[in-house]
$ cat input34.cif   # mmCIF, C-alpha atoms
data_start
loop_
_atom_site.label_atom_id
_atom_site.label_comp_id
_atom_site.auth_asym_id
_atom_site.auth_seq_id
_atom_site.Cartn_x
_atom_site.Cartn_y
_atom_site.Cartn_z
CA MET A 12 6.53 -19.04 30.68
CA THR A 13 4.20 -18.00 33.51
CA GLN A 14 0.74 -16.52 33.05
CA ALA A 15 2.10 -13.10 33.98
CA GLU A 16 4.70 -13.16 31.21
CA PRO A 17 3.84 -11.66 27.82
CA LEU A 18 3.45 -14.07 24.89
CA LEU A 19 5.91 -12.16 22.75
CA SER A 20 6.99 -8.56 22.74
CA THR A 21 6.91 -6.61 19.50
CA ALA A 22 10.62 -5.97 19.86
CA ASP A 23 11.26 -9.73 19.86
CA ASP A 24 9.14 -10.31 16.76
CA ALA A 25 9.86 -7.41 14.46
CA LEU A 26 9.28 -7.43 10.73
CA VAL A 27 12.62 -6.64 9.09
CA ILE A 28 12.63 -5.17 5.59
CA ALA A 29 15.84 -3.89 3.99
CA GLY A 30 17.48 -3.74 7.40
CA HIS A 31 14.71 -1.73 9.08
CA ARG A 32 12.63 -3.16 11.93
CA TYR A 33 8.87 -2.65 12.18
CA ALA A 34 6.63 -3.58 15.08
CA SER A 35 3.54 -3.84 12.87
CA ARG A 36 3.15 -6.54 10.23
CA LEU A 37 0.24 -4.74 8.61
CA LEU A 38 1.04 -2.51 5.63
CA VAL A 39 -1.70 -0.26 4.29
CA GLY A 40 -2.45 1.72 1.18
CA SER A 41 -3.46 5.34 0.96
CA GLY A 42 -5.96 5.36 -1.91
CA LYS A 43 -9.76 5.12 -2.22
CA TYR A 44 -10.59 7.01 0.98
CA LYS A 45 -13.28 9.67 0.97
CA SER A 46 -10.93 12.33 2.32
CA LEU A 47 -7.43 12.89 3.62
CA ASP A 48 -8.85 13.06 7.13
CA GLU A 49 -10.37 9.59 6.75
CA THR A 50 -7.02 8.41 5.44
CA ARG A 51 -5.33 9.74 8.56
CA LEU A 52 -7.85 8.19 10.97
CA ALA A 53 -7.83 4.78 9.31
CA THR A 54 -4.04 4.71 9.11
CA GLU A 55 -3.76 5.54 12.78
CA ALA A 56 -6.31 2.86 13.71
CA SER A 57 -4.44 0.24 11.69
CA GLY A 58 -1.24 0.66 13.65
CA ALA A 59 0.66 0.33 10.37
CA GLU A 60 4.11 1.86 10.00
CA ILE A 61 4.52 1.37 6.24
CA ILE A 62 2.13 3.25 3.95
CA THR A 63 2.06 2.63 0.21
CA VAL A 64 1.57 5.58 -2.12
CA ALA A 65 0.72 5.38 -5.82
CA ILE A 66 3.00 8.03 -7.29
CA ARG A 67 0.86 8.31 -10.43
CA ARG A 68 -2.33 8.95 -8.47
CA VAL A 69 -1.47 10.61 -5.17
CA ASN A 70 0.26 13.93 -4.58
CA ILE A 71 3.34 13.73 -2.37
CA GLY A 72 4.88 16.95 -3.62
CA GLN A 73 4.91 16.55 -7.39
CA ASN A 74 1.89 18.88 -7.62
CA PRO A 75 2.83 22.04 -5.66
CA GLY A 76 -0.09 23.99 -4.23
CA GLU A 77 -2.37 20.93 -3.98
CA PRO A 78 -3.17 19.03 -0.75
CA SER A 79 -0.45 16.48 -0.07
CA LEU A 80 -0.84 13.05 1.43
CA LEU A 81 2.29 13.75 3.46
CA ASP A 82 0.30 16.30 5.46
CA VAL A 83 -1.69 13.49 7.09
CA VAL A 84 0.84 10.62 6.97
CA PRO A 85 4.13 12.44 7.56
CA PRO A 86 7.43 10.71 6.71
CA SER A 87 8.64 11.55 10.20
CA ARG A 88 6.11 9.06 11.56
CA TYR A 89 5.62 6.55 8.75
CA THR A 90 7.73 4.81 6.14
CA ILE A 91 6.34 6.05 2.84
CA LEU A 92 6.48 3.22 0.33
CA PRO A 93 6.04 4.57 -3.22
CA ASN A 94 4.53 2.08 -5.61
CA THR A 95 4.25 1.87 -9.37
CA ALA A 96 0.50 1.18 -9.55
CA GLY A 97 -0.79 2.01 -13.00
CA CYS A 98 2.42 1.07 -14.79
CA TYR A 99 2.05 -1.41 -17.65
CA THR A 100 5.66 -1.54 -18.83
CA ALA A 101 8.96 -2.11 -17.12
CA GLU A 102 10.20 1.23 -18.45
CA ASP A 103 7.31 3.16 -16.88
CA ALA A 104 7.77 1.39 -13.56
CA VAL A 105 11.49 2.14 -13.43
CA ARG A 106 10.88 5.78 -14.37
CA THR A 107 8.25 6.10 -11.61
CA CYS A 108 10.62 4.67 -9.00
CA ARG A 109 13.31 7.14 -10.00
CA LEU A 110 10.82 10.00 -9.62
CA ALA A 111 9.79 8.72 -6.20
CA ARG A 112 13.41 8.65 -5.07
CA GLU A 113 13.76 12.29 -6.03
CA LEU A 114 10.53 13.31 -4.29
CA LEU A 115 11.45 11.45 -1.09
CA ASP A 116 14.98 12.81 -0.73
CA GLY A 117 16.82 9.77 -1.99
CA ARG A 118 14.91 7.05 -0.17
CA LYS A 119 15.34 3.83 -2.08
CA LEU A 120 12.60 1.54 -0.73
CA VAL A 121 9.94 1.02 -3.42
CA LYS A 122 7.08 -1.32 -4.21
CA LEU A 123 7.27 -2.57 -7.78
CA GLU A 124 4.14 -3.35 -9.80
CA VAL A 125 4.15 -3.99 -13.53
CA LEU A 126 0.59 -4.80 -14.59
CA ALA A 127 -0.45 -6.91 -17.55
CA ASP A 128 -3.89 -5.43 -18.28
CA PRO A 129 -6.43 -3.09 -16.67
CA LYS A 130 -9.18 -5.71 -16.32
CA THR A 131 -7.41 -8.32 -14.18
CA LEU A 132 -4.57 -6.14 -12.84
CA TYR A 133 -2.49 -9.30 -12.80
CA PRO A 134 1.25 -8.77 -12.88
CA ASP A 135 3.16 -8.92 -16.13
CA VAL A 136 5.74 -11.57 -15.29
CA ILE A 137 8.27 -10.64 -17.95
CA GLY A 138 7.98 -6.92 -17.25
CA THR A 139 8.21 -7.46 -13.51
CA LEU A 140 11.41 -9.48 -13.82
CA ALA A 141 12.98 -6.90 -16.15
CA ALA A 142 12.08 -3.94 -13.95
CA ALA A 143 13.22 -5.73 -10.78
CA GLU A 144 16.63 -6.47 -12.29
CA THR A 145 17.11 -2.84 -13.36
CA LEU A 146 16.00 -1.37 -10.04
CA VAL A 147 18.14 -3.71 -7.94
CA LYS A 148 21.18 -2.85 -10.09
CA GLU A 149 20.43 0.85 -9.48
CA GLY A 150 20.50 0.36 -5.73
CA PHE A 151 16.78 0.32 -4.95
CA ASP A 152 15.35 -1.85 -2.19
CA VAL A 153 12.58 -3.55 -4.12
CA MET A 154 9.42 -5.00 -2.64
CA VAL A 155 7.74 -6.71 -5.57
CA TYR A 156 4.11 -7.55 -6.35
CA CYS A 157 3.75 -10.86 -8.19
CA SER A 158 1.43 -13.76 -8.89
CA ASP A 159 1.24 -16.65 -6.44
CA ASP A 160 3.79 -18.66 -8.42
CA PRO A 161 6.47 -20.27 -6.20
CA VAL A 162 8.99 -20.41 -9.07
CA LEU A 163 8.56 -16.74 -9.93
CA ALA A 164 8.69 -15.74 -6.27
CA LYS A 165 12.02 -17.52 -5.83
CA ARG A 166 13.42 -15.95 -9.00
CA LEU A 167 12.53 -12.46 -7.75
CA GLU A 168 14.26 -13.23 -4.46
CA GLU A 169 17.37 -14.41 -6.34
CA ILE A 170 17.41 -11.19 -8.37
CA GLY A 171 17.78 -9.33 -5.07
CA CYS A 172 14.30 -8.11 -4.12
CA CYS A 173 14.12 -7.42 -0.39
CA ALA A 174 10.52 -8.67 -0.08
CA VAL A 175 8.24 -10.70 -2.34
CA MET A 176 4.52 -9.87 -2.37
CA PRO A 177 2.32 -12.55 -3.95
CA LEU A 178 -1.33 -11.78 -4.53
CA ALA A 179 -4.00 -13.63 -2.57
CA ALA A 180 -6.58 -12.82 -5.25
CA PRO A 181 -7.00 -10.06 -7.86
CA ILE A 182 -6.41 -6.51 -6.64
CA GLY A 183 -9.50 -5.03 -5.02
CA SER A 184 -11.52 -8.26 -5.33
CA GLY A 185 -11.85 -9.01 -1.61
CA LEU A 186 -11.94 -12.74 -2.40
CA GLY A 187 -9.35 -13.73 0.19
CA ILE A 188 -6.58 -16.28 -0.31
CA GLN A 189 -7.60 -18.44 -3.26
CA ASN A 190 -4.60 -20.78 -3.33
CA ARG A 191 -3.27 -21.44 0.14
CA TYR A 192 -0.92 -24.18 -1.02
CA ASN A 193 0.89 -21.87 -3.44
CA ILE A 194 1.30 -19.24 -0.72
CA LEU A 195 2.54 -21.93 1.65
CA ALA A 196 5.07 -23.15 -0.92
CA ILE A 197 6.33 -19.61 -1.43
CA VAL A 198 6.72 -19.10 2.33
CA GLU A 199 8.51 -22.41 2.86
CA ASN A 200 11.10 -21.67 0.14
CA ALA A 201 11.76 -18.02 0.94
CA LYS A 202 14.70 -16.34 2.65
CA VAL A 203 13.17 -12.86 2.39
CA PRO A 204 9.90 -11.56 3.87
CA ILE A 205 6.75 -12.78 2.12
CA ILE A 206 3.91 -10.28 2.30
CA VAL A 207 0.48 -11.10 0.91
CA ASP A 208 -0.57 -8.26 -1.36
CA ALA A 209 -4.02 -7.89 -2.94
CA GLY A 210 -7.30 -9.72 -2.52
CA VAL A 211 -7.82 -9.49 1.23
CA GLY A 212 -11.45 -8.69 2.05
CA THR A 213 -11.88 -9.01 5.78
CA ALA A 214 -10.07 -9.74 9.03
CA SER A 215 -10.21 -13.53 8.73
CA ASP A 216 -8.35 -13.33 5.39
CA ALA A 217 -5.52 -11.45 7.07
CA ALA A 218 -5.39 -13.91 9.95
CA ILE A 219 -5.20 -16.87 7.54
CA ALA A 220 -2.27 -15.27 5.69
CA MET A 221 -0.39 -14.92 8.96
CA GLU A 222 -1.27 -18.45 10.06
CA LEU A 223 0.20 -19.75 6.80
CA GLY A 224 3.49 -18.16 7.83
CA CYS A 225 3.48 -14.96 5.81
CA ASP A 226 5.55 -12.17 7.31
CA GLY A 227 2.92 -9.50 6.73
CA VAL A 228 -0.11 -8.39 4.75
CA LEU A 229 -0.60 -5.30 2.63
CA MET A 230 -4.13 -4.04 1.97
CA ASN A 231 -6.03 -0.96 0.88
CA THR A 232 -9.48 -1.66 -0.57
CA ALA A 233 -10.52 -3.97 2.28
CA ILE A 234 -10.20 -1.03 4.66
CA ALA A 235 -11.05 1.95 2.44
CA GLU A 236 -14.23 0.41 1.01
CA ALA A 237 -15.55 -0.95 4.31
CA GLN A 238 -18.72 0.74 5.58
CA ASN A 239 -16.64 1.93 8.53
CA PRO A 240 -13.02 2.15 7.36
CA VAL A 241 -11.62 3.21 10.72
CA LEU A 242 -13.25 0.28 12.52
CA MET A 243 -12.12 -2.14 9.81
CA ALA A 244 -8.56 -0.82 10.10
CA SER A 245 -8.64 -1.65 13.80
CA ALA A 246 -10.05 -5.11 13.05
CA MET A 247 -7.22 -5.77 10.58
CA LYS A 248 -4.65 -4.71 13.14
CA HIS A 249 -5.92 -7.26 15.64
CA ALA A 250 -6.32 -9.97 12.98
CA ILE A 251 -2.67 -9.66 12.01
CA ILE A 252 -1.60 -9.94 15.64
CA ALA A 253 -3.89 -12.93 16.30
CA GLY A 254 -2.80 -14.75 13.15
CA ARG A 255 0.87 -14.20 13.93
CA GLN A 256 0.49 -15.43 17.50
CA ALA A 257 -1.44 -18.49 16.31
CA ARG A 258 1.37 -19.29 13.88
CA LEU A 259 4.00 -18.98 16.60
CA ALA A 260 1.90 -20.99 19.07
CA GLY A 261 1.55 -23.93 16.68
CA ARG A 262 -1.97 -25.16 16.00
CA MET A 263 -3.27 -28.54 17.12
CA PRO A 264 -3.12 -31.34 14.54
CA ARG A 265 -6.15 -31.92 12.35
CA ARG A 266 -7.86 -35.24 13.06
CA ARG A 267 -10.37 -37.17 11.05
CA TYR A 268 -12.30 -38.31 14.11
CA ALA A 269 -13.26 -36.81 17.45
CA SER A 270 -10.85 -36.66 20.36
CA ALA A 271 -12.23 -36.34 23.88
CA SER A 272 -11.39 -33.06 25.59
CA SER A 273 -11.10 -34.80 28.97
CA PRO A 274 -8.93 -37.88 29.59
CA LEU A 275 -10.68 -41.19 30.22
CA VAL A 276 -8.12 -42.41 32.77
CA GLY A 277 -9.59 -42.52 36.23
CA VAL A 278 -13.21 -42.19 35.10
CA ILE A 279 -15.66 -43.67 37.64
CA GLU A 280 -17.76 -46.38 36.04
#

$ encode --input "input34.cif" --output "structure tokens"
Amino acid sequence: MTQAEPLLSTADDALVIAGHRYASRLLVGSGKYKSLDETRLATEASGAEIITVAIRRVNIGQNPGEPSLLDVVPPSRYTILPNTAGCYTAEDAVRTCRLARELLDGRKLVKLEVLADPKTLYPDVIGTLAAAETLVKEGFDVMVYCSDDPVLAKRLEEIGCCAVMPLAAPIGSGLGIQNRYNILAIVENAKVPIIVDAGVGTASDAAIAMELGCDGVLMNTAIAEAQNPVLMASAMKHAIIAGRQARLAGRMPRRRYASASSPLVGVIE
């Protein structure tokens, strides 16, 4: 490769989910913004192509006559990813996905969340497995939020989920990746995309996720609650790109002691 050649074109390094190719590896949420206009501006700045929508909290047509999120993030431009945020049982999550399919003209890509309790917002493992099995059998393409448990992540893949989305830290905490070795184990054993979901707080968190080998990162609060959401969205876009390129480049080995930057051979004494 010469200096004039690009490192890697987006076409060569696409994120593939359920057979669809995406140039961006950043997925963003649509909640917590001050206005729909801020949602639009931040989404544009992020470069994201997949936008998650909480069906229970955001209007995408189920409330006629009210402002719709689809007015600012149109399905003609973005992949709208309905999620089951706010669902605490498998039954509620499955029902919400069915509603989303109706609202989005039969689209079957969904993000599954079955939460255990409102304080931690940790996933309910048993409910998540049950809902995933039902949805996959019904023909949905399921991207599933889960804890950073390598065994659970593999089980969800075996059920047929098209992407597994382990948390980095509790939803909305901004704590960053708390257990890198679990995330690494999940990545190393996966045959489907692994997308870090929840807990990212700033650009360095996103870059670390990509350096660990994750296929993408999904975030909402880190952007929406920044003092300047549009600027943070841009920062996240570049962090994802930098982290991915660093992963592909292959970092230098860690050493316990110093290693001279310049060779000693030929030094004049």

$ resolve_selection --input "input34.cif" --expression "the PyMOL selection byres ((chain A and resi 209) around 10)" --output "PDB file with C-alpha atoms, in the frame of the given file"
ATOM      1  CA  TYR A 156       4.110  -7.550  -6.350  1.00  0.00           C
ATOM      2  CA  CYS A 157       3.750 -10.860  -8.190  1.00  0.00           C
ATOM      3  CA  SER A 158       1.430 -13.760  -8.890  1.00  0.00           C
ATOM      4  CA  MET A 176       4.520  -9.870  -2.370  1.00  0.00           C
ATOM      5  CA  PRO A 177       2.320 -12.550  -3.950  1.00  0.00           C
ATOM      6  CA  LEU A 178      -1.330 -11.780  -4.530  1.00  0.00           C
ATOM      7  CA  ALA A 179      -4.000 -13.630  -2.570  1.00  0.00           C
ATOM      8  CA  ALA A 180      -6.580 -12.820  -5.250  1.00  0.00           C
ATOM      9  CA  PRO A 181      -7.000 -10.060  -7.860  1.00  0.00           C
ATOM     10  CA  ILE A 182      -6.410  -6.510  -6.640  1.00  0.00           C
ATOM     11  CA  GLY A 183      -9.500  -5.030  -5.020  1.00  0.00           C
ATOM     12  CA  SER A 184     -11.520  -8.260  -5.330  1.00  0.00           C
ATOM     13  CA  GLY A 185     -11.850  -9.010  -1.610  1.00  0.00           C
ATOM     14  CA  LEU A 186     -11.940 -12.740  -2.400  1.00  0.00           C
ATOM     15  CA  GLY A 187      -9.350 -13.730   0.190  1.00  0.00           C
ATOM     16  CA  ILE A 188      -6.580 -16.280  -0.310  1.00  0.00           C
ATOM     17  CA  ILE A 206       3.910 -10.280   2.300  1.00  0.00           C
ATOM     18  CA  VAL A 207       0.480 -11.100   0.910  1.00  0.00           C
ATOM     19  CA  ASP A 208      -0.570  -8.260  -1.360  1.00  0.00           C
ATOM     20  CA  GLY A 210      -7.300  -9.720  -2.520  1.00  0.00           C
ATOM     21  CA  VAL A 211      -7.820  -9.490   1.230  1.00  0.00           C
ATOM     22  CA  GLY A 212     -11.450  -8.690   2.050  1.00  0.00           C
ATOM     23  CA  VAL A 228      -0.110  -8.390   4.750  1.00  0.00           C
ATOM     24  CA  LEU A 229      -0.600  -5.300   2.630  1.00  0.00           C
ATOM     25  CA  MET A 230      -4.130  -4.040   1.970  1.00  0.00           C
ATOM     26  CA  ASN A 231      -6.030  -0.960   0.880  1.00  0.00           C
ATOM     27  CA  THR A 232      -9.480  -1.660  -0.570  1.00  0.00           C
ATOM     28  CA  ALA A 233     -10.520  -3.970   2.280  1.00  0.00           C
TER      29      ALA A 233
END

$ resolve_selection --input "input34.cif" --expression "the PyMOL selection byres ((chain A and resi 139) around 9)" --output "ChimeraX atom specification"
/A:100-101,104,123-126,134-138,140-144,155-157,167

$ resolve_selection --input "input34.cif" --expression "the PyMOL selection byres ((chain A and resi 45) around 12)" --output "ChimeraX atom specification"
/A:41-44,46-53,234-241

$ atom_distance --input "input34.cif" --atom1 "atom CA of A:Met263" --atom2 "atom CA of A:Ala174"
29.7 Å

$ atom_distance --input "input34.cif" --atom1 "atom CA of A:Leu223" --atom2 "atom CA of A:Ile194"
7.6 Å

$ closest_residue --input "input34.cif" --among "A:Pro204, A:Pro161, A:Gly261, A:Pro78" --to "A:Asn190" --atoms "all atoms listed in the file"
A:Pro161

$ closest_residue --input "input34.cif" --among "A:Ser272, A:Leu37, A:Asp24, A:Ile205" --to "A:Ala217" --atoms "all atoms listed in the file"
A:Leu37

$ closest_residue --input "input34.cif" --among "A:Ile28, A:Ile66, A:Ala218, A:Ala271" --to "A:Gln256" --atoms "only C-alpha atoms"
A:Ala218

$ residues_around --input "input34.cif" --residues "stretch 91-95 of chain A" --least-positions-apart "5" --cutoff "8 Å" --atoms "all atoms listed in the file" --output "MDAnalysis selection string"
chainID A and resid 61:67 86 104 107:108 111 120:125

$ residues_near_point --input "input34.cif" --point "(18.5, -7.6, -6.2)" --cutoff "8 Å" --atoms "all atoms listed in the file" --output "short mmCIF file (atom, residue, chain, number, x, y, z; two decimals) with C-alpha atoms, keeping the file's coordinate frame"
data_model
loop_
_atom_site.label_atom_id
_atom_site.label_comp_id
_atom_site.auth_asym_id
_atom_site.auth_seq_id
_atom_site.Cartn_x
_atom_site.Cartn_y
_atom_site.Cartn_z
CA ALA A 143 13.22 -5.73 -10.78
CA GLU A 144 16.63 -6.47 -12.29
CA LEU A 146 16.00 -1.37 -10.04
CA VAL A 147 18.14 -3.71 -7.94
CA LYS A 148 21.18 -2.85 -10.09
CA ASP A 152 15.35 -1.85 -2.19
CA VAL A 153 12.58 -3.55 -4.12
CA LEU A 167 12.53 -12.46 -7.75
CA GLU A 168 14.26 -13.23 -4.46
CA GLU A 169 17.37 -14.41 -6.34
CA ILE A 170 17.41 -11.19 -8.37
CA GLY A 171 17.78 -9.33 -5.07
CA CYS A 172 14.30 -8.11 -4.12
CA CYS A 173 14.12 -7.42 -0.39
#

$ closest_residue --input "input34.cif" --among "A:Pro75, A:Asp216, A:Arg88, A:Cys225" --to "A:Glu60" --atoms "all atoms listed in the file"
A:Arg88

$ atom_distance --input "input34.cif" --atom1 "atom CA of A:His31" --atom2 "atom CA of A:Tyr133"
28.8 Å

$ axis_aligned_box --input "input34.cif" --around "stretch 146-159 of chain A" --padding-each-side "5 Å" --output "lines of an AutoDock Vina configuration file"
center_x = 11.2
center_y = -7.9
center_z = -6.1
size_x = 29.9
size_y = 27.5
size_z = 17.9

$ build_atoms --input "input34.cif" --residues "stretch 198-213 of chain A" --atoms "N, CA and C atoms" --output "PDB file, keeping the file's coordinate frame"
ATOM      1  N   VAL A 198       6.204 -19.373   0.983  1.00  0.00           N
ATOM      2  CA  VAL A 198       6.720 -19.100   2.330  1.00  0.00           C
ATOM      3  C   VAL A 198       7.811 -20.100   2.709  1.00  0.00           C
ATOM      4  N   GLU A 199       7.571 -21.359   2.439  1.00  0.00           N
ATOM      5  CA  GLU A 199       8.510 -22.410   2.860  1.00  0.00           C
ATOM      6  C   GLU A 199       9.852 -22.313   2.127  1.00  0.00           C
ATOM      7  N   ASN A 200       9.866 -21.737   0.931  1.00  0.00           N
ATOM      8  CA  ASN A 200      11.100 -21.670   0.140  1.00  0.00           C
ATOM      9  C   ASN A 200      11.800 -20.320   0.206  1.00  0.00           C
ATOM     10  N   ALA A 201      11.247 -19.390   0.968  1.00  0.00           N
ATOM     11  CA  ALA A 201      11.760 -18.020   0.940  1.00  0.00           C
ATOM     12  C   ALA A 201      12.797 -17.741   2.020  1.00  0.00           C
ATOM     13  N   LYS A 202      13.725 -16.846   1.680  1.00  0.00           N
ATOM     14  CA  LYS A 202      14.700 -16.340   2.650  1.00  0.00           C
ATOM     15  C   LYS A 202      14.548 -14.834   2.836  1.00  0.00           C
ATOM     16  N   VAL A 203      13.518 -14.274   2.216  1.00  0.00           N
ATOM     17  CA  VAL A 203      13.170 -12.860   2.390  1.00  0.00           C
ATOM     18  C   VAL A 203      11.724 -12.793   2.864  1.00  0.00           C
ATOM     19  N   PRO A 204      11.289 -11.661   3.419  1.00  0.00           N
ATOM     20  CA  PRO A 204       9.900 -11.560   3.870  1.00  0.00           C
ATOM     21  C   PRO A 204       8.902 -11.793   2.731  1.00  0.00           C
ATOM     22  N   ILE A 205       7.855 -12.545   3.050  1.00  0.00           N
ATOM     23  CA  ILE A 205       6.750 -12.780   2.120  1.00  0.00           C
ATOM     24  C   ILE A 205       5.535 -12.044   2.658  1.00  0.00           C
ATOM     25  N   ILE A 206       5.017 -11.127   1.862  1.00  0.00           N
ATOM     26  CA  ILE A 206       3.910 -10.280   2.300  1.00  0.00           C
ATOM     27  C   ILE A 206       2.755 -10.435   1.310  1.00  0.00           C
ATOM     28  N   VAL A 207       1.642 -10.950   1.784  1.00  0.00           N
ATOM     29  CA  VAL A 207       0.480 -11.100   0.910  1.00  0.00           C
ATOM     30  C   VAL A 207       0.000  -9.714   0.494  1.00  0.00           C
ATOM     31  N   ASP A 208      -0.207  -9.567  -0.807  1.00  0.00           N
ATOM     32  CA  ASP A 208      -0.570  -8.260  -1.360  1.00  0.00           C
ATOM     33  C   ASP A 208      -1.708  -8.459  -2.352  1.00  0.00           C
ATOM     34  N   ALA A 209      -2.855  -7.896  -2.054  1.00  0.00           N
ATOM     35  CA  ALA A 209      -4.020  -7.890  -2.940  1.00  0.00           C
ATOM     36  C   ALA A 209      -4.967  -9.051  -2.656  1.00  0.00           C
ATOM     37  N   GLY A 210      -6.258  -8.718  -2.631  1.00  0.00           N
ATOM     38  CA  GLY A 210      -7.300  -9.720  -2.520  1.00  0.00           C
ATOM     39  C   GLY A 210      -7.905  -9.917  -1.154  1.00  0.00           C
ATOM     40  N   VAL A 211      -7.278  -9.355  -0.119  1.00  0.00           N
ATOM     41  CA  VAL A 211      -7.820  -9.490   1.230  1.00  0.00           C
ATOM     42  C   VAL A 211      -9.138  -8.721   1.308  1.00  0.00           C
ATOM     43  N   GLY A 212     -10.145  -9.340   1.952  1.00  0.00           N
ATOM     44  CA  GLY A 212     -11.450  -8.690   2.050  1.00  0.00           C
ATOM     45  C   GLY A 212     -11.885  -8.376   3.461  1.00  0.00           C
ATOM     46  N   THR A 213     -11.456  -9.218   4.403  1.00  0.00           N
ATOM     47  CA  THR A 213     -11.880  -9.010   5.780  1.00  0.00           C
ATOM     48  C   THR A 213     -10.825  -9.560   6.734  1.00  0.00           C
TER      49      THR A 213
END
